[in-house]
Structure formats: C-alpha cells, structure tokens
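Here is the file work.csv (CSV, C-alpha atoms and all ligand atoms).
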chain,number,residue,atom,x,y,z
A,1,MET,CA,197.6,-12.8,32.0
A,2,THR,CA,196.6,-12.9,35.6
A,3,GLN,CA,193.0,-12.0,36.3
A,4,ILE,CA,192.8,-9.4,39.1
A,5,LEU,CA,189.6,-10.0,41.0
A,6,ASP,CA,188.2,-6.4,41.4
A,7,GLY,CA,186.1,-6.8,44.6
A,8,LYS,CA,185.1,-3.2,44.5
A,9,ALA,CA,183.5,-3.5,41.1
A,10,ILE,CA,182.0,-6.9,41.7
A,11,ALA,CA,180.6,-5.8,45.1
A,12,GLU,CA,179.1,-2.7,43.4
A,13,ARG,CA,177.4,-4.9,40.8
A,14,LEU,CA,176.1,-7.3,43.5
A,15,ARG,CA,174.7,-4.3,45.6
A,16,GLY,CA,173.0,-3.1,42.4
A,17,GLN,CA,171.3,-6.5,41.9
A,18,LEU,CA,170.3,-6.5,45.6
A,19,ALA,CA,168.9,-3.0,45.3
A,20,THR,CA,166.7,-4.1,42.4
A,21,ARG,CA,165.3,-7.0,44.4
A,22,VAL,CA,164.7,-4.8,47.5
A,23,ALA,CA,162.9,-2.2,45.3
A,24,ALA,CA,160.4,-4.9,44.3
A,25,LEU,CA,159.5,-5.7,48.0
A,26,SER,CA,156.6,-4.1,49.8
A,27,PHE,CA,158.8,-3.4,52.8
A,28,LYS,CA,162.4,-2.3,53.5
A,29,PRO,CA,164.6,-5.0,55.0
A,30,GLY,CA,165.8,-3.8,58.3
A,31,LEU,CA,169.5,-4.0,59.4
A,32,VAL,CA,170.8,-2.9,62.8
A,33,VAL,CA,174.5,-2.7,63.6
A,34,VAL,CA,175.1,-2.7,67.3
A,35,ARG,CA,178.4,-1.0,68.2
A,36,VAL,CA,179.7,-0.8,71.8
A,37,GLY,CA,182.4,1.7,72.8
A,38,GLU,CA,184.9,3.5,70.6
A,39,ASP,CA,187.1,0.9,68.8
A,40,PRO,CA,188.5,3.3,66.2
A,41,ALA,CA,188.5,0.8,63.3
A,42,SER,CA,184.9,-0.1,63.9
A,43,GLY,CA,183.8,3.5,63.2
A,44,VAL,CA,184.9,3.3,59.6
A,45,TYR,CA,183.4,-0.1,59.0
A,46,VAL,CA,180.1,0.7,60.6
A,47,ARG,CA,179.7,3.9,58.5
A,48,ASN,CA,180.6,2.0,55.3
A,49,LYS,CA,178.0,-0.7,56.1
A,50,ASP,CA,175.3,1.9,56.9
A,51,ARG,CA,176.0,3.8,53.6
A,52,ALA,CA,176.0,0.6,51.5
A,53,ALA,CA,172.7,-0.6,53.1
A,54,THR,CA,170.9,2.8,52.8
A,55,GLN,CA,172.0,3.1,49.1
A,56,ALA,CA,170.6,-0.3,48.3
A,57,GLY,CA,167.2,0.5,49.9
A,58,PHE,CA,167.6,-1.2,53.2
A,59,ALA,CA,166.4,0.4,56.4
A,60,SER,CA,169.7,0.6,58.2
A,61,ARG,CA,170.5,2.0,61.6
A,62,THR,CA,173.4,1.8,64.1
A,63,ARG,CA,172.7,1.4,67.8
A,64,HIS,CA,175.8,2.9,69.4
A,65,LEU,CA,176.1,2.0,73.1
A,66,PRO,CA,178.6,3.6,75.4
A,67,GLU,CA,181.9,1.8,76.4
A,68,GLU,CA,180.5,1.2,80.0
A,69,THR,CA,177.6,-0.8,78.7
A,70,THR,CA,177.4,-4.1,80.8
A,71,GLU,CA,177.1,-7.5,79.2
A,72,ALA,CA,173.6,-7.8,80.7
A,73,GLN,CA,172.5,-4.5,79.1
A,74,LEU,CA,173.9,-5.5,75.7
A,75,LEU,CA,172.0,-8.8,76.0
A,76,GLU,CA,168.8,-6.9,76.8
A,77,GLU,CA,169.4,-4.6,73.8
A,78,ILE,CA,169.8,-7.7,71.5
A,79,ALA,CA,166.6,-9.3,73.0
A,80,ALA,CA,164.7,-6.1,72.1
A,81,LEU,CA,166.0,-6.3,68.5
A,82,ASN,CA,165.1,-10.0,68.3
A,83,ALA,CA,161.6,-9.1,69.3
A,84,ASP,CA,161.3,-6.1,66.8
A,85,PRO,CA,159.4,-7.3,63.7
A,86,GLU,CA,160.9,-4.5,61.6
A,87,VAL,CA,164.4,-5.8,62.3
A,88,ASP,CA,165.5,-8.5,59.8
A,89,GLY,CA,169.3,-8.5,60.5
A,90,ILE,CA,171.4,-7.9,63.6
A,91,LEU,CA,175.1,-7.5,63.5
A,92,VAL,CA,177.1,-7.0,66.8
A,93,GLN,CA,180.2,-5.3,65.7
A,94,LEU,CA,183.5,-6.9,66.9
A,95,PRO,CA,185.7,-6.4,68.8
A,96,LEU,CA,183.5,-5.7,71.9
A,97,PRO,CA,185.0,-4.1,75.0
A,98,LYS,CA,186.9,-6.6,77.1
A,99,HIS,CA,184.4,-6.8,79.9
A,100,ILE,CA,181.8,-8.3,77.5
A,101,ARG,CA,182.0,-11.9,76.4
A,102,ALA,CA,181.6,-11.9,72.7
A,103,GLU,CA,180.4,-15.5,72.6
A,104,LYS,CA,177.5,-14.5,74.9
A,105,ALA,CA,176.5,-11.6,72.6
A,106,ILE,CA,176.8,-13.8,69.5
A,107,ALA,CA,174.6,-16.5,71.0
A,108,ALA,CA,172.0,-14.0,72.1
A,109,VAL,CA,171.1,-13.0,68.5
A,110,ASP,CA,168.1,-14.8,67.0
A,111,PRO,CA,169.7,-17.3,64.5
A,112,ALA,CA,167.1,-16.2,62.0
A,113,LYS,CA,168.4,-12.6,62.2
A,114,ASP,CA,172.1,-13.5,62.6
A,115,VAL,CA,173.3,-11.9,59.3
A,116,ASP,CA,176.9,-12.3,60.4
A,117,GLY,CA,176.4,-16.1,60.4
A,118,PHE,CA,178.4,-16.3,63.7
A,119,HIS,CA,175.7,-18.0,65.9
A,120,PRO,CA,176.6,-21.6,66.8
A,121,ILE,CA,173.3,-22.7,65.2
A,122,ASN,CA,174.3,-21.2,61.9
A,123,ALA,CA,177.8,-22.5,62.2
A,124,GLY,CA,176.4,-25.9,63.0
A,125,LYS,CA,174.0,-25.8,60.0
A,126,LEU,CA,176.9,-24.9,57.7
A,127,ALA,CA,179.0,-27.7,59.1
A,128,SER,CA,176.1,-30.1,58.7
A,129,GLY,CA,175.4,-29.1,55.1
A,130,LEU,CA,172.0,-27.5,56.1
A,131,PRO,CA,170.8,-24.2,54.8
A,132,GLY,CA,171.3,-21.2,57.1
A,133,LEU,CA,173.0,-17.8,57.3
A,134,VAL,CA,176.6,-18.0,56.1
A,135,PRO,CA,179.3,-15.6,57.3
A,136,CYS,CA,179.8,-12.6,55.0
A,137,THR,CA,183.5,-12.8,54.2
A,138,PRO,CA,183.5,-16.5,53.2
A,139,ARG,CA,180.4,-15.9,51.2
A,140,GLY,CA,182.1,-13.0,49.4
A,141,ALA,CA,185.1,-15.1,48.7
A,142,MET,CA,182.9,-17.7,47.0
A,143,HIS,CA,181.5,-15.0,44.8
A,144,LEU,CA,185.0,-14.1,43.8
A,145,LEU,CA,185.8,-17.7,43.0
A,146,ALA,CA,182.8,-17.8,40.7
A,147,GLU,CA,184.1,-14.6,39.1
A,148,ALA,CA,187.4,-16.4,38.5
A,149,LYS,CA,185.5,-19.3,36.9
A,150,ALA,CA,187.2,-21.6,39.4
A,151,LYS,CA,186.5,-25.3,38.8
A,152,LEU,CA,185.8,-26.3,42.3
A,153,PRO,CA,184.8,-30.0,42.3
A,154,GLY,CA,188.0,-32.0,43.0
A,155,ALA,CA,190.2,-28.9,43.3
A,156,ARG,CA,192.7,-28.8,46.2
A,157,ALA,CA,191.8,-25.8,48.4
A,158,VAL,CA,194.0,-24.7,51.2
A,159,VAL,CA,192.6,-22.3,53.8
A,160,VAL,CA,195.3,-20.7,55.9
A,161,GLY,CA,193.6,-19.7,59.2
A,162,ARG,CA,191.0,-21.4,61.4
A,163,SER,CA,189.0,-18.5,62.8
A,164,GLN,CA,185.3,-18.9,63.6
A,165,ILE,CA,184.7,-15.9,61.4
A,166,VAL,CA,186.6,-16.8,58.2
A,167,GLY,CA,188.8,-19.9,58.1
A,168,ARG,CA,186.3,-22.5,59.4
A,169,PRO,CA,183.2,-21.4,57.5
A,170,MET,CA,185.4,-20.8,54.4
A,171,ALA,CA,186.6,-24.5,54.6
A,172,GLN,CA,183.0,-25.7,55.0
A,173,LEU,CA,181.8,-23.7,51.9
A,174,LEU,CA,184.6,-25.1,49.8
A,175,LEU,CA,183.9,-28.6,51.1
A,176,ALA,CA,180.2,-28.2,50.2
A,177,ALA,CA,181.4,-27.2,46.7
A,178,ASP,CA,183.3,-30.5,46.4
A,179,CYS,CA,186.9,-29.2,46.9
A,180,THR,CA,189.5,-31.3,48.7
A,181,VAL,CA,190.0,-29.0,51.7
A,182,THR,CA,193.0,-28.5,53.9
A,183,ILE,CA,192.9,-26.1,56.9
A,184,ALA,CA,196.4,-24.8,57.7
A,185,HIS,CA,197.3,-22.6,60.6
A,186,SER,CA,200.1,-21.2,62.7
A,187,ARG,CA,201.0,-24.7,64.0
A,188,THR,CA,201.0,-26.3,60.5
A,189,ALA,CA,204.4,-28.1,60.1
A,190,ASP,CA,205.2,-27.1,56.5
A,191,LEU,CA,203.0,-24.2,55.7
A,192,ALA,CA,204.8,-23.3,52.5
A,193,GLY,CA,204.5,-26.9,51.3
A,194,GLU,CA,200.8,-27.0,52.0
A,195,CYS,CA,200.2,-23.7,50.2
A,196,ARG,CA,202.2,-24.9,47.1
A,197,ARG,CA,199.7,-27.8,46.7
A,198,ALA,CA,196.8,-25.4,46.5
A,199,ASP,CA,194.8,-24.9,43.3
A,200,ILE,CA,192.7,-22.5,45.4
A,201,LEU,CA,194.6,-20.6,48.2
A,202,ILE,CA,192.7,-18.7,50.8
A,203,ALA,CA,194.8,-16.5,53.1
A,204,ALA,CA,193.0,-15.6,56.3
A,205,VAL,CA,195.7,-15.3,59.0
A,206,GLY,CA,196.0,-11.6,59.6
A,207,ARG,CA,199.8,-11.5,59.2
A,208,PRO,CA,201.0,-9.0,56.6
A,209,GLU,CA,202.6,-10.7,53.5
A,210,LEU,CA,203.1,-14.0,55.4
A,211,ILE,CA,202.4,-15.9,52.2
A,212,ARG,CA,205.3,-15.4,49.8
A,213,GLY,CA,205.1,-15.6,46.0
A,214,ASP,CA,207.0,-18.9,45.8
A,215,TRP,CA,204.3,-20.5,48.0
A,216,VAL,CA,201.8,-20.0,45.2
A,217,ARG,CA,201.4,-22.8,42.6
A,218,GLU,CA,201.5,-21.7,39.0
A,219,GLY,CA,197.9,-21.1,37.9
A,220,ALA,CA,196.5,-21.1,41.4
A,221,ILE,CA,193.5,-18.8,42.4
A,222,VAL,CA,194.5,-16.7,45.4
A,223,ILE,CA,191.9,-15.0,47.6
A,224,ASP,CA,193.5,-12.7,50.2
A,225,VAL,CA,191.3,-12.1,53.2
A,226,GLY,CA,193.9,-10.3,55.2
A,227,ILE,CA,193.3,-6.6,55.8
A,228,ASN,CA,196.3,-5.5,57.8
A,229,ARG,CA,196.8,-1.8,58.7
A,230,MET,CA,200.5,-0.9,58.5
A,231,PRO,CA,202.2,1.8,60.7
A,232,ASP,CA,202.2,4.1,57.7
A,233,GLY,CA,198.4,3.8,57.4
A,234,LYS,CA,198.4,1.7,54.2
A,235,LEU,CA,196.6,-1.7,54.0
A,236,LYS,CA,198.4,-4.9,53.3
A,237,GLY,CA,197.1,-8.4,52.7
A,238,ASP,CA,198.3,-11.7,54.0
A,239,VAL,CA,199.8,-12.5,50.6
A,240,ALA,CA,202.9,-10.8,49.2
A,241,TYR,CA,200.9,-9.5,46.2
A,242,ALA,CA,203.6,-8.4,43.8
A,243,GLU,CA,205.4,-11.7,44.2
A,244,ALA,CA,202.3,-13.8,43.9
A,245,LEU,CA,200.8,-11.9,41.0
A,246,PRO,CA,202.8,-13.4,38.1
A,247,ARG,CA,202.2,-16.9,39.3
A,248,ALA,CA,198.5,-16.8,40.0
A,249,ALA,CA,195.8,-17.4,37.4
A,250,ALA,CA,193.6,-14.9,39.5
A,251,ILE,CA,194.2,-12.9,42.6
A,252,THR,CA,192.4,-10.4,44.8
A,253,PRO,CA,194.1,-7.1,45.7
A,254,VAL,CA,194.1,-5.5,49.2
A,255,PRO,CA,192.3,-3.1,49.5
A,256,GLY,CA,189.6,-3.6,46.9
A,257,GLY,CA,189.3,-7.4,47.1
A,258,VAL,CA,187.5,-9.3,49.7
A,259,GLY,CA,186.6,-6.3,52.0
A,260,PRO,CA,184.0,-4.7,49.8
A,261,MET,CA,182.5,-8.2,49.1
A,262,THR,CA,182.0,-8.7,52.8
A,263,ILE,CA,179.8,-5.6,53.0
A,264,ALA,CA,177.8,-6.6,49.9
A,265,CYS,CA,177.2,-10.1,51.4
A,266,LEU,CA,176.0,-8.6,54.6
A,267,LEU,CA,173.2,-7.0,52.5
A,268,GLU,CA,172.7,-10.3,50.7
A,269,ASN,CA,172.3,-12.1,54.0
A,270,THR,CA,169.9,-9.4,55.3
A,271,LEU,CA,167.7,-9.7,52.2
A,272,GLU,CA,167.7,-13.4,52.6
A,273,ALA,CA,166.9,-13.3,56.3
A,274,ALA,CA,164.1,-10.8,55.6
A,275,ILE,CA,162.5,-12.9,52.9
A,276,ALA,CA,162.8,-16.1,55.0
A,277,ARG,CA,161.3,-14.5,58.0
A,278,ARG,CA,158.5,-12.4,56.4
A,279,GLY,CA,157.6,-14.9,53.7
B,1,LIG,N1,180.3,-8.5,63.6
B,1,LIG,C1,181.3,-8.2,62.8
B,1,LIG,N2,181.1,-8.5,61.5
B,1,LIG,C2,182.1,-8.2,60.6
B,1,LIG,O1,181.9,-8.5,59.4
B,1,LIG,C3,183.2,-7.4,61.0
B,1,LIG,C4,183.3,-7.1,62.4
B,1,LIG,N3,182.3,-7.5,63.2
B,1,LIG,N4,184.3,-6.4,62.8
B,1,LIG,C5,185.4,-5.9,61.9
B,1,LIG,C6,185.5,-6.8,60.7
B,1,LIG,C7,186.3,-6.1,59.6
B,1,LIG,N5,185.3,-6.0,58.5
B,1,LIG,C8,185.6,-5.4,57.3
B,1,LIG,C9,184.6,-5.2,56.3
B,1,LIG,C10,184.9,-4.5,55.2
B,1,LIG,C11,186.1,-4.0,54.9
B,1,LIG,C12,186.4,-3.2,53.7
B,1,LIG,O2,185.6,-2.9,52.9
B,1,LIG,N6,187.7,-2.9,53.4
B,1,LIG,C13,188.2,-2.1,52.3
B,1,LIG,C14,189.1,-1.0,52.8
B,1,LIG,C15,188.5,-0.1,53.8
B,1,LIG,C16,189.6,0.8,54.4
B,1,LIG,O3,190.2,1.6,53.7
B,1,LIG,O4,189.8,0.7,55.6
B,1,LIG,C17,188.9,-3.0,51.3
B,1,LIG,O5,189.4,-4.0,51.7
B,1,LIG,O6,189.0,-2.6,50.2
B,1,LIG,C18,187.1,-4.2,55.9
B,1,LIG,C19,186.9,-4.9,57.0
B,1,LIG,C20,184.1,-6.6,58.9
B,1,LIG,N7,184.2,-7.0,60.1

Once you've parsed the file, please lay out its structure as structure tokens.
Ligand SMILES: Nc1nc(=O)c2c([nH]1)NC[C@@H]1CN(c3ccc(C(=O)N[C@@H](CCC(=O)O)C(=O)O)cc3)C=[N+]21
Amino acid sequence: MTQILDGKAIAERLRGQLATRVAALSFKPGLVVVRVGEDPASGVYVRNKDRAATQAGFASRTRHLPEETTEAQLLEEIAALNADPEVDGILVQLPLPKHIRAEKAIAAVDPAKDVDGFHPINAGKLASGLPGLVPCTPRGAMHLLAEAKAKLPGARAVVVGRSQIVGRPMAQLLLAADCTVTIAHSRTADLAGECRRADILIAAVGRPELIRGDWVREGAIVIDVGINRMPDGKLKGDVAYAEALPRAAAITPVPGGVGPMTIACLLENTLEAAIARRG
C-alpha cells in the first residue's frame, strides 16, 4: 500500500509542537512578512502565514507596501526591521514588482533574521555544511521524508529543478543526509531516465504533471513540490499523481502535501532564529 504523506496533518502536528515551545518562552517570537504591491496569489499565502503564526503564539504582522514603493524605500524598510529587537524573522514575499531587484531585497535582510533562508550567507552556509537558516520548502520536504521513514544514507535522490528557493537547497540537504544526489533540470538529456533511477524523487520544476507515472521507480518516495494553478482554478503538482501513486512507496498529494509544510517550517525557522538571537 502506498503511503500518502498528509502534509496538512503533519504540518498541523508540527505547528502544535512549535506552539508548545513558544508558550514556554518569556517573549513572543516576532515574524514580519513584507509584501509589496498586489500580486493576487501573494494575498492568500500571506494571510495563511499570518493565521498560522498567530495561532501558534507568534507575534506576526504584515507590512504591506504600495506597488509604487521604490527599491531604496524597500531597503530602508528592511533596515528598520533588521534594527528592531522585537523582530526575529523577516520574509520578503516574492514575486516583487518588476522595478525592484529581488536579489537586492534578499541580500538586505539580516542573515540572522532571514527565515526564508534565501540570503547568500545562509545559502553558502548550507552548501558548506555549516548551521544556518534553511529554506522552508526543502526543510518541509525533509520532514516528509522522515515521515516516510526514508533510509537516506546511500539512497539515490534525484531533484528535478535547480531554483535558488527549492532545487539547490533541497539537493544540499539530501547531500548532508548522505544521499547520492542528482540535480536534473530543463536541459537534462534524459530526464525520464534520470527520474527512473531515483529512490527519492523530488519534483520542483513548476510544470503541471511533467513527471509521468512510468518515470517513477517501483518503491520510490515521491515529494511533489509543484503547486500549479490550472485555468479551472484547481491545483496540480509537477507529478502525474494518479499514474505515480501505484508505483510509489510514499507520495505527497497536491494540494495538502509540501505547501502546508512550508508554512509550518517558516514558523520553525522563526522560533529557531528567535532563540539563537535572544539566547
Ligand atoms: N519569500 C517568499 N517565501 C515563500 O515561501 C514564498 C514566497 N515568497 N512566495 C510565494 C511562494 C509560494 N508559497 C506557498 C506556501 C504555501 C502554500 C500552501 O500552503 N499551499 C496549499 C494550498 C493553498 C491554496 O489552495 O492555494 C497546499 O499546497 O495544500 C503554497 C505556496 C510560499 N512562497
């Protein structure tokens, strides 16, 4: 029987554990989400983050800046949050308006408050095997692999996608866990063949159902990071779920897989950042 990795339930449990730890602190860990402009998808995500954070006992607020905000104004705002002792975690919601360079905003966040784990210092620490803040989605995927009781040392892991946000840090975490890691991408010569070798298959390309059922090795663990909004409003993953289901030992659904784990791990990172900074 294929194990369906219920990210919604696992995230709820993790948020409960975090709430217990937060309740034992003498302060509320502070999370600020900075949103610029009116990207419609961001509205839903930012509200979900805020609700999850507040429910778990965090001091959460959203700083919503107008579309016309300049890059310099955003950097000033970030500098003010860096200097605010009550703020433990800063997340600059992506995408930003086109006139703002995202890499400038990301690099402006104090690495100690970078709960997205996107700052080059944190990316470099991860790549060097040093402790630091780890991006939320890959962190959530590692929780799901633990839930699947994946035997990581020596396992062949194939990560499809090489983004700064998911693919690269995911590969680093799997490498740190002693997997043999392949990073595949849009230019990979035989993508299906690479996927078929995977004991652990991580799909993070953002192309609905690109990965077909017969690309999944019998008994593989499949983590589908893709959250693709279809014209009919429904969400689809990067994996053809119905085809892959009978072959996989464990698989994440979309929705209800990696997405909720990402939010829970944002809180996990914020708590970690708060404890590290405040002692
Ligand atoms: N600085 C930054 N950090 C991010 O982590 C970040 C970001 N910007 N910009 C946008 C993406 C997207 N993202 C999601 C988080 C949770 C769900 C999630 O919980 N999804 C639900 C479904 C939600 C729905 O119905 O739309 C699920 O998969 O079950 C989805 C997407 C975080 N992102």

Excluding same-chain residues fewer than 4 positions from Ala148 of chain A, what lies within 10 Å of it counting all atoms listed in the file, as a PyMOL selection string? chain A and resi 3-5+142-144+221-222+249-251

Let me see the file: selected residues, C-alpha atoms, as a PDB file, in the frame of the given file.
ATOM      1  CA  GLN A   3     193.000 -12.000  36.300  1.00  0.00           C
ATOM      2  CA  ILE A   4     192.800  -9.400  39.100  1.00  0.00           C
ATOM      3  CA  LEU A   5     189.600 -10.000  41.000  1.00  0.00           C
ATOM      4  CA  MET A 142     182.900 -17.700  47.000  1.00  0.00           C
ATOM      5  CA  HIS A 143     181.500 -15.000  44.800  1.00  0.00           C
ATOM      6  CA  LEU A 144     185.000 -14.100  43.800  1.00  0.00           C
ATOM      7  CA  ILE A 221     193.500 -18.800  42.400  1.00  0.00           C
ATOM      8  CA  VAL A 222     194.500 -16.700  45.400  1.00  0.00           C
ATOM      9  CA  ALA A 249     195.800 -17.400  37.400  1.00  0.00           C
ATOM     10  CA  ALA A 250     193.600 -14.900  39.500  1.00  0.00           C
ATOM     11  CA  ILE A 251     194.200 -12.900  42.600  1.00  0.00           C
TER      12      ILE A 251
END

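The smallest atom-to-atom distance between Arg13 of chain A and any of A:Met170, A:Ile106, A:Leu25, A:Ala264, using all atoms listed in the file, is found for A:Ala264.
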
Could you give me, as a tab-separated table, every chain A residue with an atom at most 6 Å from ligand LIG 1 (chain B), plus its closest atom pair and distance in Å to one decimal, counting all atoms listed in the file, rows ordered by chain then number?
residue	atom	partner	partner_atom	distance
A:Tyr45	CA	B:LIG1	C9	5.9
A:Leu91	CA	B:LIG1	N1	5.3
A:Val92	CA	B:LIG1	N1	4.8
A:Gln93	CA	B:LIG1	N1	3.8
A:Leu94	CA	B:LIG1	N3	3.9
A:Asp116	CA	B:LIG1	N2	5.8
A:Val254	CA	B:LIG1	O5	5.5
A:Pro255	CA	B:LIG1	O6	3.4
A:Gly256	CA	B:LIG1	O6	3.5
A:Gly257	CA	B:LIG1	O5	5.7
A:Val258	CA	B:LIG1	O5	6.0
A:Gly259	CA	B:LIG1	C12	3.5
A:Pro260	CA	B:LIG1	O2	3.9
A:Thr262	CA	B:LIG1	C9	5.6
A:Ile263	CA	B:LIG1	C10	5.7

Could you write out the selected residues, including C-alpha atoms, as a PDB file, keeping the file's coordinate frame?
ATOM      1  CA  TYR A  45     183.400  -0.100  59.000  1.00  0.00           C
ATOM      2  CA  LEU A  91     175.100  -7.500  63.500  1.00  0.00           C
ATOM      3  CA  VAL A  92     177.100  -7.000  66.800  1.00  0.00           C
ATOM      4  CA  GLN A  93     180.200  -5.300  65.700  1.00  0.00           C
ATOM      5  CA  LEU A  94     183.500  -6.900  66.900  1.00  0.00           C
ATOM      6  CA  ASP A 116     176.900 -12.300  60.400  1.00  0.00           C
ATOM      7  CA  VAL A 254     194.100  -5.500  49.200  1.00  0.00           C
ATOM      8  CA  PRO A 255     192.300  -3.100  49.500  1.00  0.00           C
ATOM      9  CA  GLY A 256     189.600  -3.600  46.900  1.00  0.00           C
ATOM     10  CA  GLY A 257     189.300  -7.400  47.100  1.00  0.00           C
ATOM     11  CA  VAL A 258     187.500  -9.300  49.700  1.00  0.00           C
ATOM     12  CA  GLY A 259     186.600  -6.300  52.000  1.00  0.00           C
ATOM     13  CA  PRO A 260     184.000  -4.700  49.800  1.00  0.00           C
ATOM     14  CA  THR A 262     182.000  -8.700  52.800  1.00  0.00           C
ATOM     15  CA  ILE A 263     179.800  -5.600  53.000  1.00  0.00           C
TER      16      ILE A 263
END

Residues within 8 Å of (183.6, -4.6, 83.9), counting all atoms listed in the file, listed as a PyMOL selection string: chain A and resi 68+70+98-100

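Distances from A:Ala171, A:Ala150, A:Met1, A:Ile227 to Asp199 of chain A were compared using only C-alpha atoms, and the smallest one belongs to A:Ala150.
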
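The coordinates place atom CA of Ala155 of chain A at 10.0 Å from atom CA of Leu175 of chain A.
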
Counting only C-alpha atoms, which of A:Cys265, A:Val205, A:Ala157, A:Leu18 gets nearest to Asn228 of chain A? A:Val205

As a check of understanding: the span from atom CA of Leu75 of chain A to atom CA of Gln172 of chain A is 29.1 Å

What does the distance between atom CA of Ala141 of chain A and atom CA of Glu38 of chain A come to in Å, to one decimal place? 28.7 Å

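Minimum atom-to-atom distances from A:Val225, A:Leu210, A:Val239, A:Ile202 to Val159 of chain A were compared using only C-alpha atoms, and the lowest value belongs to A:Ile202.
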